[in-house]
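Source file: target.txt (compact mmCIF, C-alpha atoms)
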```txt
# COMPACT_ATOMS: atom_id res chain seq x y z
CA MET G 1 -16.30 -40.23 50.08
CA SER G 2 -15.97 -41.70 53.56
CA ASP G 3 -12.98 -43.87 54.40
CA GLU G 4 -15.32 -46.10 56.42
CA LYS G 5 -17.17 -47.27 53.32
CA LEU G 6 -15.97 -50.05 51.04
CA TYR G 7 -16.27 -49.27 47.34
CA ARG G 8 -15.93 -51.80 44.54
CA LEU G 9 -13.33 -50.72 41.98
CA ASN G 10 -14.96 -50.49 38.57
CA ALA G 11 -13.92 -49.47 35.06
CA ALA G 12 -16.17 -48.34 32.23
CA ALA G 13 -15.72 -47.82 28.50
CA ILE G 14 -17.17 -44.92 26.53
CA TYR G 15 -16.94 -45.83 22.85
CA MET G 16 -16.98 -43.02 20.31
CA ARG G 17 -17.30 -43.51 16.56
CA PRO G 18 -15.46 -41.27 14.10
CA ASP G 19 -18.73 -39.33 13.61
CA GLY G 20 -18.71 -38.36 17.32
CA ARG G 21 -21.58 -40.61 18.41
CA ILE G 22 -21.17 -42.62 21.60
CA LEU G 23 -22.44 -46.08 22.48
CA VAL G 24 -25.06 -46.52 25.21
CA CYS G 25 -26.48 -49.93 26.10
CA GLU G 26 -29.79 -50.95 27.67
CA ARG G 27 -29.50 -53.29 30.64
CA VAL G 28 -31.41 -56.56 30.60
CA LYS G 29 -32.48 -55.85 34.20
CA PRO G 30 -33.98 -53.42 34.77
CA ARG G 31 -35.22 -52.81 31.24
CA GLY G 32 -35.24 -49.15 30.26
CA SER G 33 -32.00 -48.51 32.16
CA TRP G 34 -29.11 -47.37 29.95
CA GLN G 35 -25.40 -47.13 30.66
CA PHE G 36 -21.88 -47.52 29.33
CA PRO G 37 -20.26 -50.98 29.36
CA GLN G 38 -18.52 -51.48 32.70
CA GLY G 39 -17.37 -54.01 35.23
CA GLY G 40 -15.18 -54.84 38.16
CA VAL G 41 -11.42 -54.47 38.19
CA LYS G 42 -9.57 -57.65 39.07
CA SER G 43 -6.78 -57.69 41.65
CA ASP G 44 -3.58 -56.11 40.24
CA GLU G 45 -5.37 -55.25 36.95
CA PRO G 46 -4.93 -51.69 35.67
CA PRO G 47 -8.36 -50.03 35.33
CA VAL G 48 -7.78 -49.33 31.61
CA ASP G 49 -7.21 -53.06 31.02
CA ALA G 50 -10.39 -53.83 32.95
CA ALA G 51 -12.35 -51.35 30.81
CA MET G 52 -11.05 -52.99 27.62
CA ARG G 53 -11.75 -56.51 28.96
CA GLU G 54 -15.23 -55.71 30.24
CA GLY G 55 -16.06 -53.77 27.10
CA MET G 56 -14.98 -56.65 24.89
CA GLU G 57 -16.94 -59.17 26.99
CA GLU G 58 -20.10 -57.05 26.88
CA THR G 59 -19.95 -55.57 23.36
CA GLY G 60 -17.45 -57.60 21.35
CA LEU G 61 -15.47 -54.45 20.50
CA ARG G 62 -11.81 -55.51 20.45
CA PRO G 63 -8.80 -53.50 21.64
CA ASN G 64 -7.33 -53.46 18.12
CA GLU G 65 -10.42 -51.51 16.98
CA LEU G 66 -9.84 -48.77 19.58
CA GLU G 67 -7.63 -45.85 20.40
CA LEU G 68 -7.52 -44.59 24.00
CA ALA G 69 -8.54 -40.92 23.94
CA GLY G 70 -9.02 -40.05 27.61
CA GLU G 71 -9.31 -41.17 31.21
CA TYR G 72 -11.79 -39.69 33.69
CA GLY G 73 -12.39 -40.15 37.38
CA PRO G 74 -12.43 -41.72 39.69
CA TYR G 75 -16.08 -41.00 40.44
CA HIS G 76 -18.10 -42.81 43.06
CA TYR G 77 -21.70 -43.53 43.88
CA ASP G 78 -23.44 -45.32 46.71
CA TYR G 79 -25.80 -48.17 45.92
CA ASP G 80 -29.45 -47.80 46.75
CA GLU G 81 -30.83 -50.36 49.20
CA LYS G 82 -32.01 -52.79 46.50
CA ASN G 83 -28.69 -52.82 44.65
CA ALA G 84 -26.65 -53.08 47.85
CA ALA G 85 -28.59 -56.24 48.76
CA ARG G 86 -28.16 -57.66 45.23
CA VAL G 87 -24.41 -57.03 45.24
CA PHE G 88 -24.04 -58.51 48.72
CA ALA G 89 -25.95 -61.66 47.65
CA LYS G 90 -23.72 -62.02 44.57
CA ARG G 91 -20.34 -61.25 46.17
CA ASN G 92 -20.92 -61.68 49.92
CA ILE G 93 -19.19 -58.33 50.48
CA ALA G 94 -21.00 -55.27 51.81
CA TYR G 95 -19.90 -52.69 49.25
CA ALA G 96 -21.34 -49.21 49.78
CA GLY G 97 -21.12 -48.55 46.04
CA GLN G 98 -18.61 -48.29 43.24
CA LEU G 99 -15.47 -46.26 42.60
CA GLN G 100 -15.37 -45.85 38.83
CA HIS G 101 -12.73 -45.00 36.27
CA TYR G 102 -14.06 -44.13 32.80
CA PHE G 103 -12.05 -44.44 29.60
CA LEU G 104 -12.94 -42.79 26.31
CA PHE G 105 -12.07 -45.04 23.40
CA LYS G 106 -12.30 -43.79 19.83
CA LEU G 107 -13.20 -46.44 17.29
CA LYS G 108 -10.82 -46.51 14.36
CA SER G 109 -13.59 -47.30 11.87
CA MET G 110 -17.27 -46.63 11.34
CA ASP G 111 -17.55 -50.34 10.45
CA SER G 112 -17.05 -51.47 14.07
CA GLU G 113 -20.41 -52.51 15.53
CA PRO G 114 -21.10 -54.13 18.88
CA TRP G 115 -22.69 -57.48 19.50
CA LEU G 116 -24.19 -57.59 22.96
CA ASP G 117 -23.71 -60.05 25.77
CA GLN G 118 -27.41 -60.85 26.25
CA CYS G 119 -26.83 -61.49 29.98
CA GLU G 120 -25.97 -57.81 30.48
CA PHE G 121 -27.54 -55.81 27.64
CA CYS G 122 -30.53 -56.21 25.34
CA ASP G 123 -30.16 -53.17 23.06
CA PHE G 124 -27.76 -50.40 22.09
CA ARG G 125 -27.80 -46.99 20.44
CA TRP G 126 -25.21 -44.64 19.00
CA ILE G 127 -26.13 -41.16 20.22
CA LYS G 128 -24.69 -37.67 20.14
CA PRO G 129 -23.41 -36.84 23.65
CA GLU G 130 -26.00 -34.06 24.00
CA GLU G 131 -28.75 -36.67 23.38
CA MET G 132 -27.95 -38.60 26.59
CA ASP G 133 -31.30 -39.42 28.22
CA PHE G 134 -30.57 -38.84 31.90
CA SER G 135 -34.09 -40.03 32.79
CA ALA G 136 -32.95 -43.54 31.72
CA ILE G 137 -30.09 -43.57 34.26
CA PRO G 138 -30.86 -45.12 37.66
CA ASP G 139 -31.22 -42.43 40.34
CA PHE G 140 -28.24 -43.63 42.39
CA LYS G 141 -25.95 -43.38 39.31
CA LEU G 142 -27.36 -40.11 37.98
CA PRO G 143 -24.97 -37.63 39.69
CA VAL G 144 -21.95 -39.55 38.34
CA TYR G 145 -23.34 -39.66 34.79
CA ARG G 146 -24.17 -35.94 34.87
CA GLN G 147 -20.67 -35.06 36.10
CA LEU G 148 -19.00 -37.47 33.68
CA MET G 149 -20.88 -36.16 30.65
CA ALA G 150 -20.03 -32.58 31.70
CA ASP G 151 -16.36 -33.47 32.20
CA VAL G 152 -15.97 -35.41 28.94
CA PHE G 153 -18.37 -33.65 26.58
CA GLY G 154 -19.43 -30.44 28.29
CA VAL G 155 -23.11 -31.53 28.48
CA GLY G 156 -25.57 -32.67 31.10
CA LYS G 157 -24.59 -30.84 34.26
CA SER G 158 -27.52 -28.98 35.74
```
As structure tokens, what does this structure read like?
Amino acid sequence: MSDEKLYRLNAAAIYMRPDGRILVCERVKPRGSWQFPQGGVKSDEPPVDAAMREGMEETGLRPNELELAGEYGPYHYDYDEKNAARVFAKRNIAYAGQLQHYFLFKLKSMDSEPWLDQCEFCDFRWIKPEEMDFSAIPDFKLPVYRQLMADVFGVGKS
């Protein structure tokens, strides 16, 4: 990662049920693109708090339903041209990409189910880690997701 580039600090939540399945969510835009709940880290906010906050905003899963089981990263990716322009238009800052911290949260109960923030996500699935569909990950995020899934679950690195 070059020191000349500006990366947006980001935190993401990987939710795992007691049966070992993990939550993946389909983005509203572009449809067919799946990811873990994530979002920006506020100034002076610990990344783990940002992951819990963003996860709760996007899925409704509350911190009292979770147990922190691991922290991974940071990883980084560069935006593609389209996403760099979108982020600049939204934030008026020329970020090169994102620097991401991922947190594995185990759900305390099988009864915990997400409700989705329809601005971000339109669908969700509970999958076994080895069922991750890497073809549904945007190209610019793909290397991070492959490395992350290898680091956390031992799958996906090719």
Worksheet item: What is the CA of Pro47 (chain G) to CA of His101 (chain G) distance in Å?
Response: 6.7 Å
Discussion item. I need the residue nearest Tyr77 (chain G) from this list: G:Ala96, G:Val155, G:Leu107, G:Met132. Use all atoms listed in the file for the distance.
Written reply: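 Counting all atoms listed in the file, the residue closest to Tyr77 (chain G) is G:Ala96.
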Practice prompt. Please tell me which residues are no farther than 10 Å from (-16.7, -38.2, 37.3) in the file, counting all atoms listed in the file, and write them as a PyMOL selection string.
Written response: chain G and resi 72-77+99-102+143-152
Discussion item. Between G:Ala13, G:Pro18, G:Tyr95, G:Arg62, which residue has the minimum interatomic distance to Gln38 (chain G), considering all atoms listed in the file?
Written reply: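 Under the stated criterion, the closest residue is G:Ala13.
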Discussion item. One number please: CA of Glu54 (chain G) to CA of Pro37 (chain G), in Å, one decimal.
Written reply: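 Value for the CA of Glu54 (chain G)-CA of Pro37 (chain G) distance: 7.0 Å.
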Worksheet item: Got a sec: who's within 8 Å of Thr59 (chain G), counting only C-alpha atoms, leaving out chain neighbours fewer than 6 positions off, as number ranges by chain?
Response: G: 37, 114-117
Fill in: Polymer residues at most 12 Å from Asp19 (chain G), only C-alpha atoms, same-chain spacing of 3 or more positions, as a PyMOL selection string
chain G and resi 15-16+22-23+106-111+126-129
